[in-house]
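Accompanying notes for the structure given below.
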Amino acid sequence: MKRILQDLSRAELEELVARAGEKKFRAGQIFLGLMQGKKISELNIPSALRETLLKTFEEEPVRIAETFVSQEDGTKKYLFRLSDGNLIEGVLMRYKYGNTQCVSTQVGCRMGCKFCASTLGGRVRDLTAGEILCQILAVNRSEGGTMKDRAVTNVVLMGSGEPFDNYENVVKFLRNLTAEEGLNMSARNISLSTCGLVPEMKKFAAEGIPLNLTVSLHAVTDEERARTMPIANRYKISEILGACSDYFEKTGRRYIFEYTLISGENADVAHALALAKLLKGRPCHVNLIRLNAVRERDLKAAEERDARKFLETLEAQGISATLRRSMGADIGGACGQLRARYVSKNSSEEKPPAATGR
Ligand code: SAH
């Protein structure tokens, strides 16, 4: 497999260009061109340099293989193909304030959460920093727009994979995404979701990237959490809360908890009261979402009215919370659902999601 040029930082590009005997400003041209979503062959640089790059680096590390558009809310779901043939997925959601792209950080995942489709086949491999970035570059390119006015205004690391299980690549990706001379995305427009890898959460607090740290909690006690999230056997909720406090101290950013409402599991009023007790007085927000039921798993979404009751209970206890709409349900919007269907399609003649391609 060739290397990936979008893995390199601006400074690393300068070294590369210098080694090739070219002038330093070429690095800036390459970096800018890549951030505009150009392929190597389209870069506006001397042809000899282009040829040299093409010998070593992938022309298009991440290709959009398929696009599905939700008829319900305009959400777009992408199936991306990597150079080695692996498939990953991403989503572009339209909100009033802009467009949020959800990116994957690994092919598959090894965290084993019972409600999640990404983990069905385990972890295949980590994505490189450039492969994560190229998901955004590919969507920006396919949606059009200018360098100043890009389609993707917000990014969430909530696709397949556990970002902190691929720590170095994810941090490098974040540095390139926020680089002033590139897409210059503000850390405030970026959210990273983790199942709660405590040592990496602590390490990340010191990286100086004040993004929205989101933790998948989904339970109020360690015992209940371990029923759906194996990682709960490794780190306690109290340790996670400690790492969150650390993050707030270092960055001044409040943190967010994801809480997926699963019928008969974590969605009773008693759970809401226990959650409020756990989080009372903390600079945090709770995102509730009803389970997007995964075919392969035996778990059911909480009823809409129970979800609203849960939200009201939290709010009455003074906890800041929102009940999120589940977007793109008709196109396999939940993590890993699309890829899982595609991978299984090869063995059973199942059709892809019932939504229109583009
Ligand atoms: N590995 C990271 C990020 C990926 S998942 C993490 O665990 O946070 C992004 C969010 O979607 C997590 O909160 C995850 O628990 C949740 N999620 C996964 N599958 C889901 C499903 N089927 N329905 C609702 N939420 C789901």
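The way I read the labels, and the way they are meant: chains A, B, ... in the order of the structure tokens, residue 1 as the first residue of every chain, and ligand 1 as the first ligand shown, with later ones counted on from there.
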- Check every protein, DNA and RNA residue against ligand 1, keep those with an atom at most 8 Å away (counting only C-alpha atoms and all ligand atoms), and present them as a PyMOL selection string. chain A and resi 104+109+111+113+115-118+157-163+192-196+214-218+257-261+289-294+334-336
- Identify, on the basis of only C-alpha atoms, every residue whose closest approach to Val269 of chain A does not exceed 9 Å; exclude the query and any residue fewer than 2 positions from it along the same chain; express the result as a PyMOL selection string. chain A and resi 267+271-274+306+309-310+313
- DSSP on the backbone, then: every residue of segment 207-248 of chain A marked strand (DSSP E or B), written as a list in words. Asn212, Leu213, Thr214, Val215 and Ser216 of chain A
What lies within 9 Å of segment 240-246 of chain A using only C-alpha atoms, ignoring chain neighbours under 4 positions off, as an mmCIF file with C-alpha atoms, in the first residue's frame?
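Written output follows (out.cif):
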data_model
loop_
_atom_site.group_PDB
_atom_site.id
_atom_site.type_symbol
_atom_site.label_atom_id
_atom_site.label_comp_id
_atom_site.auth_asym_id
_atom_site.auth_seq_id
_atom_site.Cartn_x
_atom_site.Cartn_y
_atom_site.Cartn_z
ATOM 1 C CA GLY A 196 -14.553 6.273 28.429
ATOM 2 C CA LEU A 197 -10.908 5.248 28.066
ATOM 3 C CA VAL A 198 -9.775 7.061 31.186
ATOM 4 C CA PRO A 199 -5.967 7.280 30.630
ATOM 5 C CA MET A 201 -9.121 11.109 28.328
ATOM 6 C CA LYS A 202 -6.587 12.481 30.809
ATOM 7 C CA ALA A 205 -6.940 17.123 28.289
ATOM 8 C CA LEU A 213 -15.598 15.973 24.878
ATOM 9 C CA VAL A 215 -18.607 10.334 26.895
ATOM 10 C CA TYR A 235 -12.948 1.716 34.130
ATOM 11 C CA LYS A 236 -15.417 2.801 36.778
ATOM 12 C CA LYS A 250 -7.632 22.133 31.829
ATOM 13 C CA THR A 251 -9.841 23.394 28.985
ATOM 14 C CA ARG A 254 -18.120 21.617 29.805
ATOM 15 C CA TYR A 255 -18.444 17.983 28.812
ATOM 16 C CA LEU A 279 -24.261 14.464 37.597
ATOM 17 C CA ARG A 282 -21.255 19.185 37.241
ATOM 18 C CA PRO A 283 -20.570 21.455 34.235
#
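The shell of residues at most 9 Å from Phe173 of chain A, with only C-alpha atoms counted and near chain neighbours (fewer than 6 positions) removed, consists of Asp7, Ser9, Thr128, Ala129, Gly130, Glu131, Ile132 and Leu133 of chain A.
The protein and nucleic acid residues lying at most 12 Å from Gly33 of chain A are Leu5, Gln6, Arg10, Arg26, Ala27, Gly28, Gln29, Ile30, Phe31, Met35, Gln36, Gly37, Lys38, Lys39, Ile40, Ser41, Glu42, Leu43, Asn44, Ile45, Leu137, Arg141, Met147, Glu181, Gly182 and Leu183 of chain A, with only C-alpha atoms considered and sequence neighbours fewer than 2 positions away removed.
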Give one line per residue of segment 121-197 of chain A that approaches segment 55-64 of chain A to at most 8 Å, naming the two atoms of the closest pair and their distance in Å to one decimal, counting only C-alpha atoms; sort by chain then ascending residue number and deliver it as a Markdown table.
| residue | atom | partner | partner_atom | distance |
| --- | --- | --- | --- | --- |
| A:Glu131 | CA | A:Val62 | CA | 6.4 |
| A:Cys134 | CA | A:Val62 | CA | 5.9 |
| A:Gln135 | CA | A:Val62 | CA | 6.4 |
| A:Ala138 | CA | A:Arg63 | CA | 7.0 |
For the residues in the current selection, export N, CA, C and O atoms as a PDB file, in the first residue's frame.
ATOM      1  N   GLU A 131      -6.647   9.364   6.496  1.00  0.00           N
ATOM      2  CA  GLU A 131      -7.889   8.686   6.102  1.00  0.00           C
ATOM      3  C   GLU A 131      -9.094   9.267   6.850  1.00  0.00           C
ATOM      4  O   GLU A 131     -10.206   9.281   6.315  1.00  0.00           O
ATOM      5  N   CYS A 134      -9.578  12.694   5.087  1.00  0.00           N
ATOM      6  CA  CYS A 134     -10.053  12.553   3.704  1.00  0.00           C
ATOM      7  C   CYS A 134     -11.552  12.292   3.618  1.00  0.00           C
ATOM      8  O   CYS A 134     -12.180  12.580   2.598  1.00  0.00           O
ATOM      9  N   GLN A 135     -12.154  11.756   4.688  1.00  0.00           N
ATOM     10  CA  GLN A 135     -13.608  11.595   4.676  1.00  0.00           C
ATOM     11  C   GLN A 135     -14.267  12.970   4.554  1.00  0.00           C
ATOM     12  O   GLN A 135     -15.235  13.159   3.808  1.00  0.00           O
ATOM     13  N   ALA A 138     -13.468  14.592   1.083  1.00  0.00           N
ATOM     14  CA  ALA A 138     -14.277  13.993   0.011  1.00  0.00           C
ATOM     15  C   ALA A 138     -15.698  14.542   0.017  1.00  0.00           C
ATOM     16  O   ALA A 138     -16.274  14.815  -1.036  1.00  0.00           O
TER      17      ALA A 138
END
- Task: Find the residues around Gly208 of chain A up to 12 Å (only C-alpha atoms counted), leave out those fewer than 2 positions away in its own chain, and share them as an MDAnalysis selection string.
- Result: chainID A and resid 171 174:175 178 187 202:206 210:211 247 250:253
Please produce an output containing all heavy atoms for each residue in the selection, written as a CSV table (one decimal), in the first residue's frame.
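Output saved as selection_16.csv:
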chain,number,residue,atom,x,y,z
A,171,VAL,N,-5.3,12.4,17.2
A,171,VAL,CA,-4.8,13.7,17.6
A,171,VAL,C,-4.1,14.4,16.4
A,171,VAL,O,-4.3,15.6,16.2
A,171,VAL,CB,-3.8,13.6,18.8
A,171,VAL,CG1,-3.0,14.8,19.0
A,171,VAL,CG2,-4.6,13.2,20.0
A,174,LEU,N,-6.8,15.8,14.2
A,174,LEU,CA,-7.4,17.0,14.8
A,174,LEU,C,-6.5,18.2,14.6
A,174,LEU,O,-7.0,19.3,14.3
A,174,LEU,CB,-7.7,16.8,16.3
A,174,LEU,CG,-8.8,15.8,16.6
A,174,LEU,CD1,-8.8,15.5,18.1
A,174,LEU,CD2,-10.2,16.3,16.2
A,175,ARG,N,-5.2,18.0,14.7
A,175,ARG,CA,-4.2,19.1,14.5
A,175,ARG,C,-4.3,19.6,13.0
A,175,ARG,O,-4.3,20.8,12.7
A,175,ARG,CB,-2.8,18.7,14.8
A,175,ARG,CG,-2.6,18.4,16.3
A,175,ARG,CD,-1.2,18.7,16.8
A,175,ARG,NE,-1.0,18.1,18.1
A,175,ARG,CZ,-1.5,18.7,19.2
A,175,ARG,NH1,-2.2,19.8,19.1
A,175,ARG,NH2,-1.3,18.1,20.4
A,178,THR,N,-7.7,21.5,12.4
A,178,THR,CA,-7.7,22.8,13.0
A,178,THR,C,-6.6,23.7,12.5
A,178,THR,O,-6.6,24.9,12.9
A,178,THR,CB,-7.7,22.7,14.5
A,178,THR,OG1,-6.5,21.9,14.9
A,178,THR,CG2,-8.9,22.0,15.1
A,187,ALA,N,-12.0,24.2,17.3
A,187,ALA,CA,-12.2,23.1,18.1
A,187,ALA,C,-13.6,23.1,18.7
A,187,ALA,O,-14.2,22.0,19.0
A,187,ALA,CB,-11.2,23.0,19.2
A,202,LYS,N,-7.5,11.6,30.0
A,202,LYS,CA,-6.6,12.5,30.8
A,202,LYS,C,-5.5,13.1,29.9
A,202,LYS,O,-5.1,14.2,30.0
A,202,LYS,CB,-6.0,11.7,32.0
A,202,LYS,CG,-7.1,11.4,33.0
A,202,LYS,CD,-6.4,10.9,34.3
A,202,LYS,CE,-7.5,10.8,35.4
A,202,LYS,NZ,-7.1,9.7,36.4
A,203,LYS,N,-4.9,12.2,29.1
A,203,LYS,CA,-3.8,12.6,28.2
A,203,LYS,C,-4.3,13.7,27.3
A,203,LYS,O,-3.7,14.7,27.0
A,203,LYS,CB,-3.4,11.4,27.5
A,203,LYS,CG,-2.0,11.6,26.7
A,203,LYS,CD,-1.6,10.2,26.2
A,203,LYS,CE,-0.5,10.4,25.2
A,203,LYS,NZ,-0.3,9.2,24.4
A,204,PHE,N,-5.6,13.5,26.8
A,204,PHE,CA,-6.1,14.4,25.8
A,204,PHE,C,-6.3,15.8,26.4
A,204,PHE,O,-6.2,16.8,25.7
A,204,PHE,CB,-7.4,13.8,25.2
A,204,PHE,CG,-7.9,14.6,24.0
A,204,PHE,CD1,-7.2,14.6,22.8
A,204,PHE,CD2,-9.0,15.5,24.1
A,204,PHE,CE1,-7.6,15.3,21.7
A,204,PHE,CE2,-9.4,16.3,23.1
A,204,PHE,CZ,-8.7,16.2,21.8
A,205,ALA,N,-6.7,15.8,27.6
A,205,ALA,CA,-6.9,17.1,28.3
A,205,ALA,C,-5.7,18.0,28.2
A,205,ALA,O,-5.9,19.3,28.2
A,205,ALA,CB,-7.3,16.9,29.7
A,206,ALA,N,-4.5,17.4,28.0
A,206,ALA,CA,-3.3,18.2,28.0
A,206,ALA,C,-2.9,18.6,26.6
A,206,ALA,O,-1.8,19.2,26.4
A,206,ALA,CB,-2.2,17.5,28.8
A,210,PRO,N,-9.3,22.2,22.6
A,210,PRO,CA,-10.5,22.3,23.5
A,210,PRO,C,-11.8,22.0,22.8
A,210,PRO,O,-12.6,22.9,22.6
A,210,PRO,CB,-10.4,23.8,24.0
A,210,PRO,CG,-9.7,24.5,22.9
A,210,PRO,CD,-8.8,23.5,22.2
A,211,LEU,N,-11.9,20.8,22.3
A,211,LEU,CA,-13.2,20.4,21.6
A,211,LEU,C,-14.2,19.9,22.6
A,211,LEU,O,-14.0,20.0,23.8
A,211,LEU,CB,-12.8,19.3,20.6
A,211,LEU,CG,-12.1,18.0,21.0
A,211,LEU,CD1,-12.8,17.2,22.0
A,211,LEU,CD2,-11.7,17.2,19.8
A,247,TYR,N,-10.7,17.4,32.5
A,247,TYR,CA,-10.8,18.0,31.2
A,247,TYR,C,-11.4,19.4,31.4
A,247,TYR,O,-10.9,20.4,30.8
A,247,TYR,CB,-11.8,17.2,30.3
A,247,TYR,CG,-11.7,17.6,28.9
A,247,TYR,CD1,-10.7,17.3,28.1
A,247,TYR,CD2,-12.8,18.4,28.3
A,247,TYR,CE1,-10.6,17.7,26.8
A,247,TYR,CE2,-12.7,18.8,27.0
A,247,TYR,CZ,-11.6,18.5,26.2
A,247,TYR,OH,-11.6,18.9,24.9
A,250,LYS,N,-8.7,21.8,32.8
A,250,LYS,CA,-7.6,22.1,31.8
A,250,LYS,C,-8.1,23.0,30.7
A,250,LYS,O,-7.4,23.8,30.1
A,250,LYS,CB,-7.0,20.8,31.3
A,250,LYS,CG,-6.2,20.1,32.4
A,250,LYS,CD,-4.8,19.6,31.8
A,250,LYS,CE,-4.0,19.1,32.9
A,250,LYS,NZ,-4.4,17.7,33.4
A,251,THR,N,-9.4,22.7,30.2
A,251,THR,CA,-9.8,23.4,29.0
A,251,THR,C,-10.9,24.4,29.2
A,251,THR,O,-11.2,25.2,28.3
A,251,THR,CB,-10.4,22.4,28.0
A,251,THR,OG1,-11.6,21.8,28.6
A,251,THR,CG2,-9.4,21.3,27.7
A,252,GLY,N,-11.6,24.4,30.4
A,252,GLY,CA,-12.7,25.3,30.6
A,252,GLY,C,-14.0,24.9,29.8
A,252,GLY,O,-15.0,25.6,29.8
A,253,ARG,N,-13.9,23.7,29.2
A,253,ARG,CA,-15.1,23.3,28.4
A,253,ARG,C,-15.9,22.3,29.2
A,253,ARG,O,-15.4,21.4,29.8
A,253,ARG,CB,-14.6,22.6,27.1
A,253,ARG,CG,-13.7,23.3,26.2
A,253,ARG,CD,-14.2,24.6,25.7
A,253,ARG,NE,-15.6,24.7,25.3
A,253,ARG,CZ,-16.0,24.4,24.1
A,253,ARG,NH1,-15.2,24.0,23.1
A,253,ARG,NH2,-17.3,24.5,23.8
Contacts between segment 11-21 of chain A and segment 46-147 of chain A, please, where a residue of segment 46-147 of chain A counts if it comes within 10 Å (with only C-alpha atoms); show its shortest atom pair and distance in Å to one decimal, rows by chain and ascending number, as CSV.
residue,atom,partner,partner_atom,distance
A:Leu49,CA,A:Ala20,CA,7.8
A:Thr52,CA,A:Ala20,CA,8.4
A:Leu53,CA,A:Ala20,CA,9.6
- So which residues touch Val107 of chain A within 7 Å, counting only C-alpha atoms, skipping near sequence neighbours fewer than 3 positions away, as a ChimeraX atom specification? /A:88,123-127,160-161
